[in-house]
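Some notes on the structure that comes next.
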Amino acid sequence: MKADFILKNIGQLVTMAGGNGPRIGKQMDEVEILKGAYLAIKDKKIITIGTDGIKDNLIGEKTIIKDAEGLTVTPGLIDPHTHLVHGGSRENEFSKKLNGVSYIDILNQGGGILSTVKSTKKATHKQLYKKAKKSLDIMLGYGMTTIEAKSGYGLELETEVKQMEVAKNLNEDHPMDIASTFLGAHAIPIEYKGNPDKFVEEIIKMLPIVMEKGLAEFCDVFCEEGVFSIPQAKKILLAAKELGYKLKIHADEIVSLGGAELVAEVGAISGDHLMAASDKGIEMMAKKGIIANILPGTSFNLGKAYAPVRKMIEKGVPVALSTDYNPGSCPTENIQFIMQLGSLGLKMTPKEVFTAVTINAAYSIGREKNIGSLEVGKAADFVIFDAPNIDYIIYHFGINHTKDVYKNGKLVYSNGRVCY
Ligand code: IZC
Ligand code: ZN
């Protein structure tokens, strides 16, 4: 078979190949790295990976051959937790936060998520699209080729749908693949403060409508003290499961409420945050092989403890990392900084970090058959980093190491600019 494209002279090719299931324990640190490799692509997919000279039968008249100049190549990075589509920003709360007012207190004063709800309601589809597209271009530049995006800044059907339609349109128009999550249960609207159970009923009514419109594959709940309680979250999640949604939970982000236990009990695909997860909850997640989606940028930005990731890895919980990109608790699209916090804050090795943003992240959004590793038959999503090895990318922090990004075999970002 003749290749459309061959990338040759790859110094270190991080394939993430091997294993059948999310990587746990020591597997997270056992990463296949091929030296002096090449990668051959046809029809958006990988057809050959080799180290012993490019086979003649791969090269046809139209085959394009590019020299990777000895640099490092990894699978396209996957971010399984973002709040991509929203109106406005919240820098007006920044000084308050620096003066010690907590995230939850700001929310209780009608700010935080509720402030972004106001801006998102006001924004048109076109405005939301333009703002989210700008973020997607930045993400592409950091080497991300697939992300998850949540709604949650409407808290009523019309605006929630508007957000998810923006994500759907961007998924079609932009090189980034976007997996969509309905997060109607993101905060209690002020008008329901005295009767949150009534709002739970309203969300449950929205679930079949969102599903019928084909706008979301996952359902998520912000389960936290002062937001949605364990019984309220459970009620929404079980109703969603019944309709065919896969489940995600913002669990134990601030207070140890039993969120990790709920993640295991309802059989979610991932439990997210888990900074305050209990030992019992961690063990229950390990038993079910549920992904812990860890968001160290939020710990960094809120000045909170980092999630107990070493304990999770030791207990056999598969770990993924995400930006949590949102206008409040983590306003950054820079996954490379998040990966550096993975090492500096969570004490993960660079290999564990790369496992967490590739193959384990793919499992966390149910895309593991097509992305997350560079293997024959999988999508040709990959990044050429201007670095001699992956340790260098984590160690040399705060800058962007991306040279080129390929999505489905096509160059979409090169030397500082998008080019799709
Ligand atoms: O806008 O504050 N934690 N939801 C739960 C968020 C952070 C996003 C936000
Ligand atoms: Zn979140």
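Chains: A, B, ... in order of the structure tokens. Residues: from 1 per chain. Ligands: from 1, in order shown.
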Worksheet item: Quick one: residues within 7 Å of region 258-264 of chain A, only C-alpha atoms counted, chain neighbours fewer than 5 positions away excluded, as a PyMOL selection string?
Response: chain A and resi 223+249+251-252+271+274+277+281-282+284-285+288
Item to complete: Name the residues of region 179-240 of chain A that come out as helix (DSSP H, G or I) in a backbone DSSP run; write them as a PyMOL selection string.
Response: chain A and resi 190-192+196-212+230-240
Worksheet item: Do you know which residues are within 12 Å of ligand 2 using only C-alpha atoms and all ligand atoms? Can you write them as a PyMOL selection string?
Response: chain A and resi 79-84+113+148-153+181-183+185-187+220-224+248-253+271-274+293-298+322-331
Worksheet entry | Interatomic distance (Å, one decimal) between CA of Lys42 (chain A) and CA of Asp177 (chain A) |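 Going from CA of Lys42 (chain A) over to CA of Asp177 (chain A) covers 19.4 Å.
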Worksheet entry | Residue with smallest distance to Lys287 (chain A) - pool A:Gly110, A:Gly53, A:Pro318, A:Pro308, counting only C-alpha atoms |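 Using only C-alpha atoms, Lys287 (chain A) sits closest to A:Pro318.
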Per residue of region 243-315 of chain A within 12 Å of region 338-362 of chain A, what are the shortest atom pair and its distance in Å to one decimal, counting only C-alpha atoms, with rows by chain and residue number, as CSV?
```
residue,atom,partner,partner_atom,distance
A:Ile269,CA,A:Ala361,CA,10.9
A:Ser270,CA,A:Ala361,CA,9.7
A:Asp272,CA,A:Ala361,CA,11.7
A:Met275,CA,A:Leu346,CA,10.7
A:Gly289,CA,A:Asn360,CA,11.1
A:Ile290,CA,A:Asn360,CA,10.3
A:Ile291,CA,A:Asn360,CA,7.4
A:Ala292,CA,A:Asn360,CA,9.3
A:Asn293,CA,A:Ala361,CA,7.9
A:Ile294,CA,A:Gly342,CA,8.8
A:Leu295,CA,A:Ile338,CA,7.6
A:Pro296,CA,A:Leu341,CA,6.2
A:Gly297,CA,A:Ile338,CA,5.7
A:Thr298,CA,A:Ile338,CA,9.3
A:Ser299,CA,A:Gly345,CA,8.9
A:Phe300,CA,A:Leu341,CA,8.1
A:Asn301,CA,A:Ile338,CA,11.1
A:Gly303,CA,A:Gly345,CA,11.5
A:Lys304,CA,A:Gly345,CA,10.9
A:Ala305,CA,A:Gly345,CA,9.1
A:Tyr306,CA,A:Leu346,CA,6.2
A:Ala307,CA,A:Leu346,CA,7.0
A:Pro308,CA,A:Leu346,CA,7.3
A:Val309,CA,A:Leu346,CA,6.1
A:Arg310,CA,A:Lys347,CA,7.1
A:Lys311,CA,A:Leu346,CA,10.3
A:Met312,CA,A:Leu346,CA,10.8
A:Ile313,CA,A:Met348,CA,9.3
A:Glu314,CA,A:Met348,CA,11.6
```
For the selection you just gave me, I'd like the residues written to a file as an mmCIF file, in the first residue's frame, keeping N, CA and C atoms.
```cif
data_model
loop_
_atom_site.group_PDB
_atom_site.id
_atom_site.type_symbol
_atom_site.label_atom_id
_atom_site.label_comp_id
_atom_site.auth_asym_id
_atom_site.auth_seq_id
_atom_site.Cartn_x
_atom_site.Cartn_y
_atom_site.Cartn_z
ATOM 1 N N ILE A 269 -18.163 6.973 33.714
ATOM 2 C CA ILE A 269 -16.975 6.707 32.879
ATOM 3 C C ILE A 269 -15.755 7.409 33.497
ATOM 4 N N SER A 270 -15.998 8.553 34.184
ATOM 5 C CA SER A 270 -14.905 9.214 34.909
ATOM 6 C C SER A 270 -15.444 9.943 36.126
ATOM 7 N N ASP A 272 -14.253 13.327 38.246
ATOM 8 C CA ASP A 272 -13.379 14.447 37.930
ATOM 9 C C ASP A 272 -13.097 15.313 39.156
ATOM 10 N N MET A 275 -10.017 16.102 44.521
ATOM 11 C CA MET A 275 -8.967 16.621 45.409
ATOM 12 C C MET A 275 -9.219 16.160 46.846
ATOM 13 N N GLY A 289 -12.333 0.181 37.808
ATOM 14 C CA GLY A 289 -11.489 0.662 36.691
ATOM 15 C C GLY A 289 -11.948 1.998 36.135
ATOM 16 N N ILE A 290 -12.545 2.834 36.981
ATOM 17 C CA ILE A 290 -13.054 4.134 36.516
ATOM 18 C C ILE A 290 -11.937 5.169 36.498
ATOM 19 N N ILE A 291 -11.906 5.948 35.428
ATOM 20 C CA ILE A 291 -10.849 6.951 35.267
ATOM 21 C C ILE A 291 -11.012 8.094 36.267
ATOM 22 N N ALA A 292 -9.917 8.463 36.914
ATOM 23 C CA ALA A 292 -9.875 9.677 37.727
ATOM 24 C C ALA A 292 -9.329 10.782 36.834
ATOM 25 N N ASN A 293 -10.184 11.750 36.535
ATOM 26 C CA ASN A 293 -9.769 12.893 35.719
ATOM 27 C C ASN A 293 -9.273 13.977 36.651
ATOM 28 N N ILE A 294 -7.977 14.204 36.667
ATOM 29 C CA ILE A 294 -7.408 15.128 37.646
ATOM 30 C C ILE A 294 -7.097 16.472 36.987
ATOM 31 N N LEU A 295 -7.388 17.558 37.695
ATOM 32 C CA LEU A 295 -7.285 18.903 37.118
ATOM 33 C C LEU A 295 -6.397 19.787 37.999
ATOM 34 N N PRO A 296 -5.070 19.580 37.910
ATOM 35 C CA PRO A 296 -4.168 20.269 38.848
ATOM 36 C C PRO A 296 -4.122 21.782 38.654
ATOM 37 N N GLY A 297 -4.534 22.267 37.477
ATOM 38 C CA GLY A 297 -4.563 23.718 37.258
ATOM 39 C C GLY A 297 -5.542 24.384 38.214
ATOM 40 N N THR A 298 -6.602 23.666 38.565
ATOM 41 C CA THR A 298 -7.605 24.208 39.482
ATOM 42 C C THR A 298 -7.041 24.280 40.896
ATOM 43 N N SER A 299 -6.314 23.244 41.316
ATOM 44 C CA SER A 299 -5.650 23.279 42.627
ATOM 45 C C SER A 299 -4.689 24.463 42.672
ATOM 46 N N PHE A 300 -3.920 24.611 41.620
ATOM 47 C CA PHE A 300 -2.926 25.696 41.529
ATOM 48 C C PHE A 300 -3.614 27.055 41.611
ATOM 49 N N ASN A 301 -4.666 27.226 40.831
ATOM 50 C CA ASN A 301 -5.317 28.534 40.722
ATOM 51 C C ASN A 301 -6.152 28.882 41.945
ATOM 52 N N GLY A 303 -5.444 27.687 44.934
ATOM 53 C CA GLY A 303 -4.589 27.543 46.110
ATOM 54 C C GLY A 303 -5.043 26.405 47.006
ATOM 55 N N LYS A 304 -5.524 25.336 46.373
ATOM 56 C CA LYS A 304 -6.027 24.164 47.126
ATOM 57 C C LYS A 304 -5.029 23.012 47.037
ATOM 58 N N ALA A 305 -5.278 22.012 47.868
ATOM 59 C CA ALA A 305 -4.412 20.827 47.844
ATOM 60 C C ALA A 305 -4.514 20.136 46.484
ATOM 61 N N TYR A 306 -3.439 19.470 46.100
ATOM 62 C CA TYR A 306 -3.471 18.655 44.888
ATOM 63 C C TYR A 306 -4.145 17.320 45.203
ATOM 64 N N ALA A 307 -4.783 16.732 44.216
ATOM 65 C CA ALA A 307 -5.451 15.436 44.407
ATOM 66 C C ALA A 307 -4.401 14.371 44.752
ATOM 67 N N PRO A 308 -4.792 13.368 45.542
ATOM 68 C CA PRO A 308 -3.819 12.331 45.965
ATOM 69 C C PRO A 308 -3.538 11.325 44.849
ATOM 70 N N VAL A 309 -2.852 11.798 43.816
ATOM 71 C CA VAL A 309 -2.656 10.976 42.616
ATOM 72 C C VAL A 309 -1.718 9.793 42.854
ATOM 73 N N ARG A 310 -0.664 9.994 43.654
ATOM 74 C CA ARG A 310 0.256 8.866 43.914
ATOM 75 C C ARG A 310 -0.521 7.723 44.553
ATOM 76 N N LYS A 311 -1.419 8.079 45.477
ATOM 77 C CA LYS A 311 -2.230 7.039 46.127
ATOM 78 C C LYS A 311 -3.142 6.364 45.090
ATOM 79 N N MET A 312 -3.723 7.165 44.204
ATOM 80 C CA MET A 312 -4.617 6.602 43.179
ATOM 81 C C MET A 312 -3.864 5.621 42.286
ATOM 82 N N ILE A 313 -2.667 6.017 41.859
ATOM 83 C CA ILE A 313 -1.884 5.136 40.968
ATOM 84 C C ILE A 313 -1.510 3.856 41.726
ATOM 85 N N GLU A 314 -1.101 4.036 42.961
ATOM 86 C CA GLU A 314 -0.721 2.873 43.783
ATOM 87 C C GLU A 314 -1.899 1.916 43.970
#
```
Worksheet, complete the sentence: Judged by only C-alpha atoms and all ligand atoms, the minimum distance to ligand 1 among A:Leu302, A:Ile384, A:Leu374, A:Ile59 is found for A:Leu302
